[in-house]
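Trainee: Attaching a single structure in structure tokens format; questions to follow.
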Amino acid sequence: PFFSSNGPLHFLAHVAKDVNILFDELEAVNSPCKDDDSLLHPGNLTSTSDDASRLEAGGETVPERNKSNGLYFRDGKCRIDYILVYRKSNPQTEKREVFERNIRAEGLQMEKESSLINSDIIFVKLHAPWEVLGRYAEQMNVRMPFRRKIYYLPRRYKFMSRIDKQISRFRRWLPKKPMRLDKETLPDLEENDCYTAPFSQQRIHHFIIHNKDTFFNNATRSRIVHHILQRIKYEEGKNKIGLNRLLTNGSYEAAFPLHEGSYRSKNSIRTHGAENHRHLLYECWASWGVWYKYQPLDLVRRYFGEKIGLYFAWLGWYTGMLFPAAFIGLFVFLYGVVTLDHCQVSKEVCQATDIIMCPVCDKYCPFMRLSDSCVYAKVISDMQHFRWIEFNIHLFWKRRRAVIAYDWDLIDWEEEEEEIRPQFEAKYSKKERMNPISGKPEPYQAFADKCSRLIVSASGIFFMICVVIAAVFGIVIYRVVTVSTFAAFKWALIRNNSQVATTGTAVCINFCIIMLLNVLYEKVALLLTNLEQPRTESEWENSFTLKMFLFQFVNLNSSTFYIAFFLGRFTGHPGAYLRLINRWRLEECHPSGCLIDLCMQMGIIMVLKQTWNNFMELGYPLIQNWWTRRKVRQEHGPERKIRFPQWEKDYNLQPMNAYGLFDEYLEMILQFGFTTIFVAAFPLAPLLALLNNIIEIRLDAYKFVTQWRRPLASRAKDIGIWYGILEGIGILSVITNAFVIAITSDFIPRLVYAYKYGPCAGQGEAGQKCMVGYVNASLSVFRISDFENRSEPESDGSEFSGTPLKYCRYRDYRDSPHSLVPYGYTLQFWHVLAARLAFIIVFEHLVFCIKHLISYLIPDLPKDLRDRMRREKYLIQEMMYEAELERLQKERKERKKNGKAHHNEWP
């Protein structure tokens, strides 16, 4: 069908016999470009200087501006749609000659030119004439505008109208949309205000064609040319086709579409306007001065394609969703800081000068007053206030994606059948079977072979996870060993804060191990993915993405999981400590609790990783491009200023990552997981993520516009496998936050004390007055004479009271040494344990129920959008019927004038 959104439309039987005549009425056809691709022009400044000679074609003078901007052939008329780069010294000459001969046979026009820097480098410039573009646009179902949209006002109830009036009155007092871009600086993107349909040469009179040279924009032209190049043979044989294979075997060094000129201009954009879309994107999107503005997504989509546009749309949406979480986290944090002196628990800790805590390590760790941990107790009390969970913010992306898909004509778009990977063909070329979709024979992988490869790959994944666990185990041993070393340190500052120093240095070492293992993981993931032999590129990309995410997620969060759920949980108690290899005593939590270690782990890792990622994203391309320019200056001399053509400027830029948007998505998804999984323990995580993302958007924009070659504009309906990963992280975040609140924090023990054991027991209250005596109730008593020989501290504690200490305190719910069962669990311990388990079960079920309720009440497709789509289908049918009827009536009148009327003719 002509309109995929309308279903089958029954058009009238009579169609135009001569489409070219109708098209000539709409647009005069220019003379075709000269195909002089057989000539290799030496690299000089002729094609880029202002002194270019004038060429005559069809009696018209070709504008010199086209010849001077490096975006056209030497005649200044044929626009360069694609660039191929190779070296003359490359031995793959025969393959290139066959490939280029077949390119000309397909109708593409070609021109070659040598590099200004290195005569061995040859640039092949390709141009697609109108006939080629029209033919392949029809085959690729490229959607093009054909009629202006007719907007209508939806039904509004009186109550909603009154609310809108009140909101509009309130908006008058606010600034006039400071975050929106000035509409005068943005171009009128015509296709966004038009109905679109798959292009058809037979129905060309339906489309809005003002100028056939600009009907297909540059991104679409390059996409069509790339589609052609992927299907051209370079050797005889059914599998010897495609540009990708030639890039893989080194026949060509690079292949890319051109940027639309320079991203800078001598003139101000406010007074002279934008030079091109690249310049406009730099000023309105990639510039740091517009960090608070919304992104021009329609322009990003037009220049880079839907796939990259969807990434920036998702990144902007995710950043916007972080605003409420960051605001609440910052507000609660500041509220906790202001009300620190009113917290009963931290007040008791700070006043507990007579409570002496047992040493936290063997031999060298001294006894300490509980009041020495006053600062950490206040910090933890501040953290205890935060309960904002943002696990399900990805649910609302479906609605946002639906709106974007509608605006960008992606609702009914389906990916075409993918080509088989060359590696898969080479491996299984001897076995073939019929493809049920195309009906053609293709290589076939046996089920047993596929299962065996998947088993080996899964074993490799398991082995790498074991490597991560071994690294975490090494960090645990480091913490156990160094806490005694820092306790015996000469400096009093480190000696008195041995646990904090141990945690800080362990986190920094852990970060270095994370970054080193990430390099190893990429190589292992590539090896395992290639071992699986995926059939298509999308299968390869999904498999590689899943492995890399799993590796890096485990690598980044394993130490955090250990601190959150294992640190201090299995240490035993004084006199009966559990030990590693019967030698090292397991590390205990700080006297004020384990939450301070978790906060330090998250804060340091998050800040260091985000700083490192931002530096590598922008710093590496800047250094590489600077080095390239420096080499050119050294070879040609600093005095000589060379004006390079656009293809040479773009060739000297960095190519886009071989894995596409993988690194960008991975960085943000890992940040999302790090932010949501332990958000209950670190309230400033959303704020740090928000600040990073505001910088990240402009960094990525600057990188795409200025530092990278222009990527091929490709289409996509969604963010792909990353959405499934987001859903998995959302489920995991519910579970982990439930355990953090119930086990890591003191939230449950405080509630149990307030309602069961405190001064307000049985009264149904849980205020600060009900927490009096909580600190003393949460500490158990240990008799110092019951210490093991290897655990007995060097000091006897006489520095506190003048006499040796007989008892010390530790965090646990155990009986006194004088009870019938010394150091056995008290009844309060079992009450707290039962309350923790009950909270985990209730919390998880409640949150999941709310999640499903929200997803049910808020449909993926907004109602107004659904009504608009249905109305447009109706209008399209009516307009197509009227347009076809009008055309046939015109034909009938013409036949009557020429005396060729027929009887019984309809209508």
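A note on labels: chains of the structure tokens are A, B, ... as shown, every chain counts residues from 1, and ligands are counted from 1 in their shown order.
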Env of region 252-255 of chain A: 6 Å cut, atoms = only C-alpha atoms, seq-sep filter 5 positions within chain, self excluded. Answer as a list in words.
Mentor: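 The residues satisfying every condition are Ile83, Leu84, Val85, Tyr86 and Leu247 of chain A.
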Trainee: Deliver the residues from the most recent selection as a file, using N, CA, C and O atoms, as an mmCIF file, in the first residue's frame.
Mentor:
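Result file follows (selection18.cif):
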```cif
data_model
loop_
_atom_site.group_PDB
_atom_site.id
_atom_site.type_symbol
_atom_site.label_atom_id
_atom_site.label_comp_id
_atom_site.auth_asym_id
_atom_site.auth_seq_id
_atom_site.Cartn_x
_atom_site.Cartn_y
_atom_site.Cartn_z
ATOM 1 N N ILE A 83 31.794 9.935 0.398
ATOM 2 C CA ILE A 83 33.234 9.971 0.154
ATOM 3 C C ILE A 83 33.814 8.590 0.465
ATOM 4 O O ILE A 83 33.535 8.011 1.517
ATOM 5 N N LEU A 84 34.620 8.087 -0.466
ATOM 6 C CA LEU A 84 35.425 6.886 -0.247
ATOM 7 C C LEU A 84 36.895 7.281 -0.275
ATOM 8 O O LEU A 84 37.285 8.144 -1.077
ATOM 9 N N VAL A 85 37.689 6.675 0.588
ATOM 10 C CA VAL A 85 39.110 7.019 0.689
ATOM 11 C C VAL A 85 39.925 5.739 0.567
ATOM 12 O O VAL A 85 39.609 4.731 1.212
ATOM 13 N N TYR A 86 40.959 5.768 -0.275
ATOM 14 C CA TYR A 86 41.884 4.628 -0.380
ATOM 15 C C TYR A 86 43.280 5.154 -0.670
ATOM 16 O O TYR A 86 43.476 6.336 -0.976
ATOM 17 N N LEU A 247 35.883 -2.364 3.322
ATOM 18 C CA LEU A 247 36.508 -1.658 4.443
ATOM 19 C C LEU A 247 37.207 -2.635 5.370
ATOM 20 O O LEU A 247 38.259 -2.334 5.951
#
```
Trainee: If we count only C-alpha atoms and set the cut-off at 7 Å, which residues sit around region 736-743 of chain A, ignoring sequence neighbours fewer than 4 positions away in its own chain? Please answer as a list in words.
Mentor: Ala564, Ile677, Phe678, Ala680, Ala681, Leu732, Phe747, Ile748, Arg836, Phe839, Ile840, Phe843 and Glu844 of chain A
Trainee: Grab the CA of Lys378 (chain A) to CA of Leu608 (chain A) distance for me, in Å with one decimal place.
Mentor: 25.1 Å
Trainee: If you run DSSP over the backbone, which residues in region 801-841 of chain A end up helix (DSSP H, G or I)? Put them as a CSV table (one decimal) with C-alpha atoms, in the first residue's frame.
Mentor:
```csv
chain,number,residue,atom,x,y,z
A,801,SER,CA,39.5,6.2,83.8
A,827,LEU,CA,14.7,-11.2,72.1
A,828,GLN,CA,15.2,-7.8,70.5
A,829,PHE,CA,17.5,-9.3,67.9
A,830,TRP,CA,14.7,-11.6,66.7
A,831,HIS,CA,12.2,-8.8,66.7
A,832,VAL,CA,14.4,-6.7,64.6
A,833,LEU,CA,15.2,-9.6,62.2
A,834,ALA,CA,11.5,-10.4,61.8
A,835,ALA,CA,10.7,-6.7,61.2
A,836,ARG,CA,13.5,-6.5,58.6
A,837,LEU,CA,12.2,-9.5,56.6
A,838,ALA,CA,8.6,-8.3,56.8
A,839,PHE,CA,9.6,-4.9,55.6
A,840,ILE,CA,11.5,-6.3,52.6
A,841,ILE,CA,8.5,-8.4,51.6
```
Trainee: I want to know what sits within 12 Å of Thr319 (chain A), based on only C-alpha atoms, with residues of the same chain fewer than 6 positions away left out; could you give that as a PyMOL selection string?
Mentor: chain A and resi 292+294-295+312-313+325-326+393-394+397+668+671-672+686-697
Trainee: Just want the 12 Å neighbourhood of Trp413 (chain A), counted on only C-alpha atoms, with same-chain residues fewer than 3 positions away dropped. Output as a count of residues only.
Mentor: 21
Trainee: In Å, rounded to a single decimal, give me how far CA of Thr675 (chain A) is from CA of Leu322 (chain A).
Mentor: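 A separation of 9.9 Å between them.
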Trainee: Looking only at the backbone, which of the residues in region 481-607 of chain A does DSSP tag as strand (DSSP E), as a list in words?
Mentor: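 So, restricting region 481-607 of chain A to strand (DSSP E), we get Gly572, His573, Ala576, Tyr577, Arg579, Leu580, Trp584 and Arg585 of chain A.
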Trainee: How many Å lie between CA of Asn267 (chain A) and CA of Tyr282 (chain A), rounded to one decimal?
Mentor: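 So the answer is 13.9 Å.
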Trainee: Of the candidates A:Tyr577, A:Phe566, A:Tyr774, A:Trp285, which one gets nearest to Asp298 (chain A) if we count only C-alpha atoms?
Mentor: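 Among A:Tyr577, A:Phe566, A:Tyr774, A:Trp285, it is A:Trp285 that comes nearest to Asp298 (chain A).
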Trainee: When you count only C-alpha atoms, which of these residues is closest to Lys703 (chain A): A:Leu779, A:Leu653, A:Cys284, A:Ile461?
Mentor: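 Ranking A:Leu779, A:Leu653, A:Cys284, A:Ile461 by distance to Lys703 (chain A), first place goes to A:Leu653.
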Trainee: Considering only C-alpha atoms, return as a PyMOL selection string whatever protein or nucleic-acid residues lie within 10 Å of region 535-547 of chain A, sequence-local ones (same chain, fewer than 6 positions apart) excluded.
Mentor: chain A and resi 417-425+443-445+457-458+461+521-522+524-529+553+659-660+662-663+665-666+720-722+725
Trainee: Which is closest to Tyr753 (chain A) among A:Lys233, A:Tyr823, A:Lys897, A:Val345, if we use only C-alpha atoms?
Mentor: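 Result for the nearest residue to Tyr753 (chain A): A:Val345.
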Trainee: Neighbours of Arg278 (chain A) within 7 Å (only C-alpha atoms; same-chain residues fewer than 2 positions away dropped), as number ranges by chain?
Mentor: A: 260-261, 263, 276, 280-282, 705
Trainee: Output all heavy atoms of each residue in that selection to a file, as a PDB file, in the first residue's frame.
Mentor:
```
ATOM      1  N   GLU A 260      28.253  19.570   6.467  1.00  0.00           N
ATOM      2  CA  GLU A 260      27.702  20.607   5.581  1.00  0.00           C
ATOM      3  C   GLU A 260      28.501  21.903   5.635  1.00  0.00           C
ATOM      4  O   GLU A 260      27.953  22.986   5.509  1.00  0.00           O
ATOM      5  CB  GLU A 260      26.243  20.870   5.943  1.00  0.00           C
ATOM      6  CG  GLU A 260      25.339  19.684   5.691  1.00  0.00           C
ATOM      7  CD  GLU A 260      23.892  19.988   5.984  1.00  0.00           C
ATOM      8  OE1 GLU A 260      23.588  21.144   6.350  1.00  0.00           O
ATOM      9  OE2 GLU A 260      23.057  19.079   5.866  1.00  0.00           O
ATOM     10  N   GLY A 261      29.791  21.791   5.850  1.00  0.00           N
ATOM     11  CA  GLY A 261      30.626  22.980   5.902  1.00  0.00           C
ATOM     12  C   GLY A 261      31.224  23.168   7.284  1.00  0.00           C
ATOM     13  O   GLY A 261      31.217  22.281   8.137  1.00  0.00           O
ATOM     14  N   TYR A 263      31.715  24.575  11.144  1.00  0.00           N
ATOM     15  CA  TYR A 263      30.810  24.835  12.261  1.00  0.00           C
ATOM     16  C   TYR A 263      31.045  26.212  12.879  1.00  0.00           C
ATOM     17  O   TYR A 263      30.348  26.595  13.802  1.00  0.00           O
ATOM     18  CB  TYR A 263      30.953  23.754  13.330  1.00  0.00           C
ATOM     19  CG  TYR A 263      32.308  23.688  14.001  1.00  0.00           C
ATOM     20  CD1 TYR A 263      32.585  24.434  15.149  1.00  0.00           C
ATOM     21  CD2 TYR A 263      33.319  22.879  13.504  1.00  0.00           C
ATOM     22  CE1 TYR A 263      33.822  24.381  15.765  1.00  0.00           C
ATOM     23  CE2 TYR A 263      34.555  22.801  14.110  1.00  0.00           C
ATOM     24  CZ  TYR A 263      34.800  23.549  15.232  1.00  0.00           C
ATOM     25  OH  TYR A 263      36.022  23.493  15.838  1.00  0.00           O
ATOM     26  N   ASN A 276      25.157  27.070   7.760  1.00  0.00           N
ATOM     27  CA  ASN A 276      24.637  25.761   7.379  1.00  0.00           C
ATOM     28  C   ASN A 276      24.065  25.109   8.629  1.00  0.00           C
ATOM     29  O   ASN A 276      24.109  25.684   9.726  1.00  0.00           O
ATOM     30  CB  ASN A 276      25.734  24.890   6.746  1.00  0.00           C
ATOM     31  CG  ASN A 276      26.989  24.872   7.604  1.00  0.00           C
ATOM     32  OD1 ASN A 276      26.981  24.379   8.734  1.00  0.00           O
ATOM     33  ND2 ASN A 276      28.080  25.441   7.068  1.00  0.00           N
ATOM     34  N   LEU A 280      24.546  25.878  12.673  1.00  0.00           N
ATOM     35  CA  LEU A 280      23.376  26.114  13.519  1.00  0.00           C
ATOM     36  C   LEU A 280      23.362  25.166  14.712  1.00  0.00           C
ATOM     37  O   LEU A 280      23.051  25.568  15.843  1.00  0.00           O
ATOM     38  CB  LEU A 280      22.105  25.955  12.689  1.00  0.00           C
ATOM     39  CG  LEU A 280      20.780  26.248  13.406  1.00  0.00           C
ATOM     40  CD1 LEU A 280      20.731  27.693  13.873  1.00  0.00           C
ATOM     41  CD2 LEU A 280      19.612  25.950  12.476  1.00  0.00           C
ATOM     42  N   LEU A 281      23.706  23.898  14.479  1.00  0.00           N
ATOM     43  CA  LEU A 281      23.762  22.932  15.578  1.00  0.00           C
ATOM     44  C   LEU A 281      24.830  23.325  16.596  1.00  0.00           C
ATOM     45  O   LEU A 281      24.637  23.173  17.804  1.00  0.00           O
ATOM     46  CB  LEU A 281      24.050  21.535  15.034  1.00  0.00           C
ATOM     47  CG  LEU A 281      22.877  20.783  14.422  1.00  0.00           C
ATOM     48  CD1 LEU A 281      23.356  19.508  13.746  1.00  0.00           C
ATOM     49  CD2 LEU A 281      21.850  20.443  15.497  1.00  0.00           C
ATOM     50  N   TYR A 282      25.952  23.828  16.112  1.00  0.00           N
ATOM     51  CA  TYR A 282      27.012  24.235  17.039  1.00  0.00           C
ATOM     52  C   TYR A 282      26.565  25.397  17.907  1.00  0.00           C
ATOM     53  O   TYR A 282      26.801  25.407  19.120  1.00  0.00           O
ATOM     54  CB  TYR A 282      28.267  24.611  16.246  1.00  0.00           C
ATOM     55  CG  TYR A 282      29.389  25.120  17.119  1.00  0.00           C
ATOM     56  CD1 TYR A 282      30.155  24.240  17.874  1.00  0.00           C
ATOM     57  CD2 TYR A 282      29.679  26.484  17.195  1.00  0.00           C
ATOM     58  CE1 TYR A 282      31.176  24.704  18.684  1.00  0.00           C
ATOM     59  CE2 TYR A 282      30.699  26.951  17.993  1.00  0.00           C
ATOM     60  CZ  TYR A 282      31.440  26.067  18.743  1.00  0.00           C
ATOM     61  OH  TYR A 282      32.443  26.524  19.550  1.00  0.00           O
ATOM     62  N   VAL A 705      29.457  17.226  16.563  1.00  0.00           N
ATOM     63  CA  VAL A 705      29.449  18.328  15.596  1.00  0.00           C
ATOM     64  C   VAL A 705      30.851  18.718  15.163  1.00  0.00           C
ATOM     65  O   VAL A 705      31.076  19.034  13.984  1.00  0.00           O
ATOM     66  CB  VAL A 705      28.700  19.542  16.192  1.00  0.00           C
ATOM     67  CG1 VAL A 705      28.810  20.753  15.284  1.00  0.00           C
ATOM     68  CG2 VAL A 705      27.235  19.199  16.424  1.00  0.00           C
TER      69      VAL A 705
END
```
